[in-house]
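Below is upload-v1.cif, which holds mmCIF, C-alpha atoms.
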```
data_work
#
loop_
_atom_site.label_atom_id
_atom_site.label_comp_id
_atom_site.auth_asym_id
_atom_site.auth_seq_id
_atom_site.Cartn_x
_atom_site.Cartn_y
_atom_site.Cartn_z
CA MET L 1 47.00 37.07 -51.06
CA THR L 2 43.25 36.91 -51.61
CA PRO L 3 41.47 39.76 -49.79
CA ILE L 4 38.80 39.04 -47.17
CA ARG L 5 35.50 39.78 -48.92
CA VAL L 6 33.12 41.96 -46.92
CA VAL L 7 29.44 42.82 -47.42
CA ILE L 8 27.95 45.80 -45.55
CA ALA L 9 24.26 45.80 -44.59
CA ASP L 10 23.01 49.03 -42.98
CA ASP L 11 20.03 51.25 -43.70
CA GLN L 12 22.05 54.48 -43.35
CA ALA L 13 23.97 55.42 -46.50
CA LEU L 14 26.50 57.52 -44.55
CA VAL L 15 27.28 54.58 -42.27
CA ARG L 16 27.79 52.28 -45.26
CA THR L 17 30.08 54.83 -46.90
CA GLY L 18 32.16 55.20 -43.75
CA LEU L 19 32.47 51.46 -43.27
CA ARG L 20 33.43 50.98 -46.92
CA MET L 21 36.18 53.59 -46.65
CA ILE L 22 37.61 51.87 -43.57
CA VAL L 23 37.47 48.37 -45.04
CA ASP L 24 38.77 49.31 -48.50
CA SER L 25 41.69 51.20 -46.95
CA GLN L 26 43.27 47.84 -46.11
CA ASP L 27 45.11 45.76 -48.72
CA ASP L 28 43.78 42.49 -47.29
CA LEU L 29 40.12 43.57 -47.09
CA ARG L 30 37.64 44.40 -49.85
CA VAL L 31 33.97 45.42 -49.85
CA VAL L 32 32.15 43.33 -52.45
CA GLY L 33 28.64 44.66 -51.90
CA GLU L 34 26.25 46.82 -49.90
CA ALA L 35 22.63 46.43 -48.81
CA SER L 36 20.20 48.82 -47.13
CA ASP L 37 18.14 46.19 -45.29
CA GLY L 38 18.02 42.48 -44.48
CA ILE L 39 16.07 41.49 -47.59
CA GLU L 40 18.56 43.23 -49.87
CA ALA L 41 21.41 41.60 -47.97
CA LEU L 42 20.00 38.10 -48.44
CA GLU L 43 19.37 38.72 -52.14
CA LEU L 44 22.86 40.14 -52.60
CA LEU L 45 24.48 37.21 -50.86
CA ARG L 46 22.75 34.72 -53.15
CA ALA L 47 24.72 36.17 -56.04
CA THR L 48 27.85 37.46 -54.30
CA SER L 49 30.40 35.38 -52.41
CA ALA L 50 31.56 36.93 -49.13
CA ASP L 51 33.59 35.94 -46.10
CA ILE L 52 32.24 38.46 -43.59
CA VAL L 53 28.97 40.40 -43.35
CA LEU L 54 28.78 43.59 -41.30
CA MET L 55 25.09 43.47 -40.33
CA ASP L 56 23.23 46.36 -38.71
CA VAL L 57 20.99 44.88 -36.02
CA ARG L 58 18.12 47.34 -36.62
CA MET L 59 16.97 47.73 -40.24
CA PRO L 60 13.60 48.17 -41.99
CA ARG L 61 11.71 45.36 -43.75
CA LEU L 62 13.95 42.62 -42.32
CA ASP L 63 16.13 43.34 -39.31
CA GLY L 64 19.65 42.08 -38.72
CA VAL L 65 18.57 39.30 -36.35
CA LYS L 66 16.17 37.65 -38.80
CA ALA L 67 18.53 38.25 -41.70
CA THR L 68 21.38 36.62 -39.77
CA ARG L 69 19.26 33.60 -38.90
CA GLN L 70 18.14 33.10 -42.51
CA LEU L 71 21.61 33.69 -43.91
CA LEU L 72 23.35 31.24 -41.58
CA ALA L 73 20.83 28.53 -42.46
CA ARG L 74 22.41 28.44 -45.91
CA PRO L 75 25.31 26.05 -46.53
CA GLY L 76 28.70 27.74 -46.68
CA ALA L 77 27.31 31.02 -45.32
CA PRO L 78 29.71 33.85 -44.45
CA GLN L 79 30.34 34.83 -40.84
CA VAL L 80 28.35 37.73 -39.43
CA ILE L 81 29.46 40.64 -37.27
CA VAL L 82 26.49 42.53 -35.89
CA LEU L 83 26.67 46.31 -35.66
CA THR L 84 24.82 48.06 -32.85
CA THR L 85 24.69 51.55 -31.39
CA PHE L 86 25.05 50.48 -27.76
CA ASP L 87 26.57 47.43 -26.10
CA LEU L 88 23.59 46.46 -23.93
CA ASP L 89 21.28 45.97 -26.90
CA GLU L 90 19.04 42.93 -26.42
CA HIS L 91 18.81 42.64 -30.20
CA ALA L 92 22.56 42.08 -30.30
CA PHE L 93 22.16 39.03 -28.07
CA ALA L 94 19.33 37.74 -30.25
CA ALA L 95 21.72 38.00 -33.19
CA LEU L 96 24.35 36.02 -31.28
CA GLN L 97 21.75 33.35 -30.59
CA ALA L 98 20.94 33.36 -34.31
CA GLY L 99 24.58 32.52 -35.02
CA ALA L 100 26.41 35.83 -35.39
CA SER L 101 30.11 35.56 -34.59
CA GLY L 102 30.13 38.70 -32.48
CA PHE L 103 29.01 42.29 -32.27
CA LEU L 104 30.69 45.65 -32.58
CA LEU L 105 29.63 49.16 -31.65
CA LYS L 106 29.11 51.51 -34.59
CA ASP L 107 31.29 54.13 -32.94
CA ALA L 108 34.18 51.71 -32.40
CA PRO L 109 37.58 52.94 -33.65
CA ALA L 110 38.48 51.98 -37.22
CA GLU L 111 41.29 49.73 -35.99
CA ASP L 112 38.80 47.77 -33.85
CA LEU L 113 36.59 47.13 -36.88
CA ILE L 114 39.54 46.04 -39.00
CA GLY L 115 40.87 43.83 -36.23
CA ALA L 116 37.44 42.30 -35.66
CA ILE L 117 37.07 41.34 -39.32
CA ARG L 118 40.50 39.73 -39.39
CA SER L 119 39.99 37.92 -36.07
CA ILE L 120 36.60 36.51 -36.96
CA HIS L 121 37.82 35.44 -40.41
CA SER L 122 40.79 33.61 -38.89
CA GLY L 123 38.64 31.98 -36.23
CA ASP L 124 41.21 33.03 -33.67
CA ALA L 125 39.30 35.07 -31.15
CA VAL L 126 35.93 36.34 -30.10
CA ILE L 127 35.17 40.03 -30.55
CA ALA L 128 35.35 41.87 -27.24
CA PRO L 129 34.60 38.92 -24.94
CA SER L 130 34.15 41.28 -22.00
CA ALA L 131 31.47 43.17 -23.94
CA THR L 132 29.76 39.90 -24.82
CA ARG L 133 29.78 38.87 -21.14
CA ARG L 134 28.46 42.29 -20.09
CA LEU L 135 25.61 42.01 -22.58
CA LEU L 136 24.71 38.50 -21.39
CA ASP L 137 24.82 39.56 -17.74
CA HIS L 138 22.49 42.44 -18.60
CA ILE L 139 19.81 40.30 -20.24
CA ALA L 140 20.40 37.13 -18.17
CA SER L 141 16.94 37.25 -16.64
CA GLU L 142 15.46 36.69 -20.10
CA LEU L 143 17.60 33.65 -20.88
CA SER L 144 16.03 30.22 -20.84
CA VAL L 145 18.64 28.83 -18.48
CA GLY L 146 18.65 25.06 -18.55
CA MET L 147 17.17 24.87 -22.04
CA THR L 148 20.42 23.19 -23.10
CA LYS L 149 20.68 19.92 -21.22
CA PRO L 150 23.94 19.26 -19.37
CA ASP L 151 24.07 15.86 -21.19
CA ARG L 152 25.30 17.79 -24.19
CA PHE L 153 28.58 18.26 -22.33
CA ALA L 154 28.98 14.54 -21.61
CA ARG L 155 31.06 14.05 -24.76
CA LEU L 156 33.70 16.46 -23.44
CA THR L 157 36.73 15.34 -21.46
CA ASP L 158 37.40 16.92 -18.07
CA ARG L 159 40.10 19.12 -19.59
CA GLU L 160 37.79 20.20 -22.41
CA ARG L 161 35.15 21.17 -19.84
CA GLU L 162 37.73 23.30 -18.05
CA VAL L 163 38.67 24.98 -21.30
CA LEU L 164 35.00 25.58 -22.18
CA PHE L 165 34.44 27.26 -18.83
CA GLU L 166 37.42 29.54 -19.38
CA VAL L 167 36.33 30.37 -22.94
CA ALA L 168 32.82 31.14 -21.68
CA SER L 169 34.33 33.41 -19.04
CA GLY L 170 35.82 35.50 -21.84
CA ALA L 171 39.42 34.36 -21.44
CA SER L 172 41.84 34.46 -24.38
CA ASN L 173 43.96 31.46 -25.34
CA ALA L 174 46.96 33.06 -23.61
CA GLU L 175 44.98 33.60 -20.41
CA ILE L 176 43.64 30.05 -20.48
CA ALA L 177 47.15 28.70 -21.02
CA GLY L 178 48.36 30.57 -17.95
CA ARG L 179 45.48 29.48 -15.75
CA LEU L 180 45.59 25.80 -16.74
CA PHE L 181 49.39 25.54 -17.15
CA LEU L 182 49.16 24.58 -20.81
CA SER L 183 50.80 25.85 -23.97
CA GLU L 184 48.76 28.17 -26.19
CA ALA L 185 48.96 25.59 -28.99
CA THR L 186 47.43 22.96 -26.70
CA VAL L 187 44.68 25.36 -25.65
CA LYS L 188 43.90 26.13 -29.29
CA THR L 189 43.60 22.39 -29.97
CA HIS L 190 41.26 21.92 -27.01
CA VAL L 191 39.12 24.87 -28.08
CA GLY L 192 38.82 23.43 -31.58
CA ARG L 193 37.72 20.05 -30.18
CA VAL L 194 35.17 21.65 -27.86
CA LEU L 195 33.62 23.63 -30.69
CA SER L 196 33.58 20.57 -32.94
CA LYS L 197 32.05 18.22 -30.35
CA LEU L 198 29.36 20.74 -29.41
CA GLY L 199 28.63 21.74 -32.99
CA LEU L 200 29.45 25.41 -32.38
CA ARG L 201 30.62 27.89 -35.02
CA ASP L 202 32.95 29.87 -32.80
CA ARG L 203 33.85 31.08 -29.30
CA VAL L 204 30.94 33.52 -29.09
CA GLN L 205 28.54 30.62 -29.50
CA ALA L 206 30.35 28.86 -26.65
CA VAL L 207 29.64 31.86 -24.40
CA VAL L 208 25.95 31.82 -25.36
CA LEU L 209 25.68 28.07 -24.79
CA ALA L 210 27.37 28.35 -21.39
CA TYR L 211 24.80 30.91 -20.28
CA GLU L 212 21.83 29.01 -21.66
CA SER L 213 22.93 25.79 -19.94
CA GLY L 214 23.70 27.45 -16.61
CA LEU L 215 27.43 26.62 -16.83
CA ILE L 216 28.10 30.35 -16.36
CA ARG L 217 25.92 32.50 -14.12
CA PRO L 218 25.48 36.28 -14.33
CA GLY L 219 28.40 38.07 -12.70
CA GLN L 220 30.38 34.84 -12.30
#
```
Target encoding structure tokens, full file:
Amino acid sequence: MTPIRVVIADDQALVRTGLRMIVDSQDDLRVVGEASDGIEALELLRATSADIVLMDVRMPRLDGVKATRQLLARPGAPQVIVLTTFDLDEHAFAALQAGASGFLLKDAPAEDLIGAIRSIHSGDAVIAPSATRRLLDHIASELSVGMTKPDRFARLTDREREVLFEVASGASNAEIAGRLFLSEATVKTHVGRVLSKLGLRDRVQAVVLAYESGLIRPGQ
């Protein structure tokens, strides 16, 4: 089995060392490079193939938000997990808007980090949907609600709209299946179609879009 290739970008050497030890302790994960800021990360990723980037949101020279935006503009770019010190960090939301697949607290347990890398790589689930919702509720007043026109949802079927709403509410496939009386396999198919039709990378981006369009309101 080919290991999931991980790049670590953080300006603190001790943090990078700790993350490397956690990642390399798993047979199916491997650190293929480290960077101390966004510029180094972008340069490294021009020469090194990776599947996942663990990106510190606050770094010198080029922060994690700008680095994420520039990286994901490249074809075939790896997925990005943003690292932050607290879960109500506005910079974390900016990184999600830039295309990051989720965010994780730096003090999260090792098993959460490992699980997050595997989940994001498989495309199966969003990282901590409740945390994502809590962050969006916190900074909702700064969102440009309505900037995404509802017409964008016109290509969705009624069922796909229902599934999108549930995804945006932070529900897992199992929870959606229970609420809509569908099988998990059917839900997974619907989620895939929604993401494809709306041109979204993953479920986190669906949450962001739902907030920006007004489909989901703070505290809903």
(message) Using only C-alpha atoms for the distances, tell me which of L:Ala98, L:Ala67, L:Val204, L:Ile4 is nearest to Ser49 of chain L.
(response)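 For Ser49 of chain L, the nearest of the candidates is L:Ile4.
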(request) Would you write out, as a list in words, every residue that the PyMOL selection byres ((chain L and resi 70) around 12) captures in this file? (result)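 So the PyMOL selection byres ((chain L and resi 70) around 12) ends up selecting Gly38, Ile39, Ala41, Leu42, Glu43, Leu45, Arg46, Leu62, Asp63, Gly64, Val65, Lys66, Ala67, Thr68, Arg69, Leu71, Leu72, Ala73, Arg74, Pro75, Ala77, Pro78, Val80, Ala95, Ala98, Gly99 and Ala100 of chain L.
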Output C-alpha atoms of each residue in that selection to a file, as a PDB file, in the frame of the given file.
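What landed in out-v3.pdb:
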```pdb
ATOM      1  CA  GLY L  38      18.020  42.480 -44.480  1.00  0.00           C
ATOM      2  CA  ILE L  39      16.070  41.490 -47.590  1.00  0.00           C
ATOM      3  CA  ALA L  41      21.410  41.600 -47.970  1.00  0.00           C
ATOM      4  CA  LEU L  42      20.000  38.100 -48.440  1.00  0.00           C
ATOM      5  CA  GLU L  43      19.370  38.720 -52.140  1.00  0.00           C
ATOM      6  CA  LEU L  45      24.480  37.210 -50.860  1.00  0.00           C
ATOM      7  CA  ARG L  46      22.750  34.720 -53.150  1.00  0.00           C
ATOM      8  CA  LEU L  62      13.950  42.620 -42.320  1.00  0.00           C
ATOM      9  CA  ASP L  63      16.130  43.340 -39.310  1.00  0.00           C
ATOM     10  CA  GLY L  64      19.650  42.080 -38.720  1.00  0.00           C
ATOM     11  CA  VAL L  65      18.570  39.300 -36.350  1.00  0.00           C
ATOM     12  CA  LYS L  66      16.170  37.650 -38.800  1.00  0.00           C
ATOM     13  CA  ALA L  67      18.530  38.250 -41.700  1.00  0.00           C
ATOM     14  CA  THR L  68      21.380  36.620 -39.770  1.00  0.00           C
ATOM     15  CA  ARG L  69      19.260  33.600 -38.900  1.00  0.00           C
ATOM     16  CA  LEU L  71      21.610  33.690 -43.910  1.00  0.00           C
ATOM     17  CA  LEU L  72      23.350  31.240 -41.580  1.00  0.00           C
ATOM     18  CA  ALA L  73      20.830  28.530 -42.460  1.00  0.00           C
ATOM     19  CA  ARG L  74      22.410  28.440 -45.910  1.00  0.00           C
ATOM     20  CA  PRO L  75      25.310  26.050 -46.530  1.00  0.00           C
ATOM     21  CA  ALA L  77      27.310  31.020 -45.320  1.00  0.00           C
ATOM     22  CA  PRO L  78      29.710  33.850 -44.450  1.00  0.00           C
ATOM     23  CA  VAL L  80      28.350  37.730 -39.430  1.00  0.00           C
ATOM     24  CA  ALA L  95      21.720  38.000 -33.190  1.00  0.00           C
ATOM     25  CA  ALA L  98      20.940  33.360 -34.310  1.00  0.00           C
ATOM     26  CA  GLY L  99      24.580  32.520 -35.020  1.00  0.00           C
ATOM     27  CA  ALA L 100      26.410  35.830 -35.390  1.00  0.00           C
TER      28      ALA L 100
END
```
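Counting only C-alpha atoms, the residue from L:Ser196, L:Met59, L:Leu113, L:Leu104 that sits nearest to Arg20 of chain L is L:Leu113.
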(request) Report as an MDAnalysis selection string the full result of the PyMOL selection byres ((chain L and resi 187) around 12) when it is applied to this structure. (result) chainID L and resid 124 159:164 166:167 171:186 188:194
(request) Could you give me, as a ChimeraX atom specification, the residues that have an atom at most 7 Å away from the point (23.9, 49.8, -43.9) in the coordinates of the file, using all atoms listed in the file? (result) /L:8-13,15-16,35-37,56
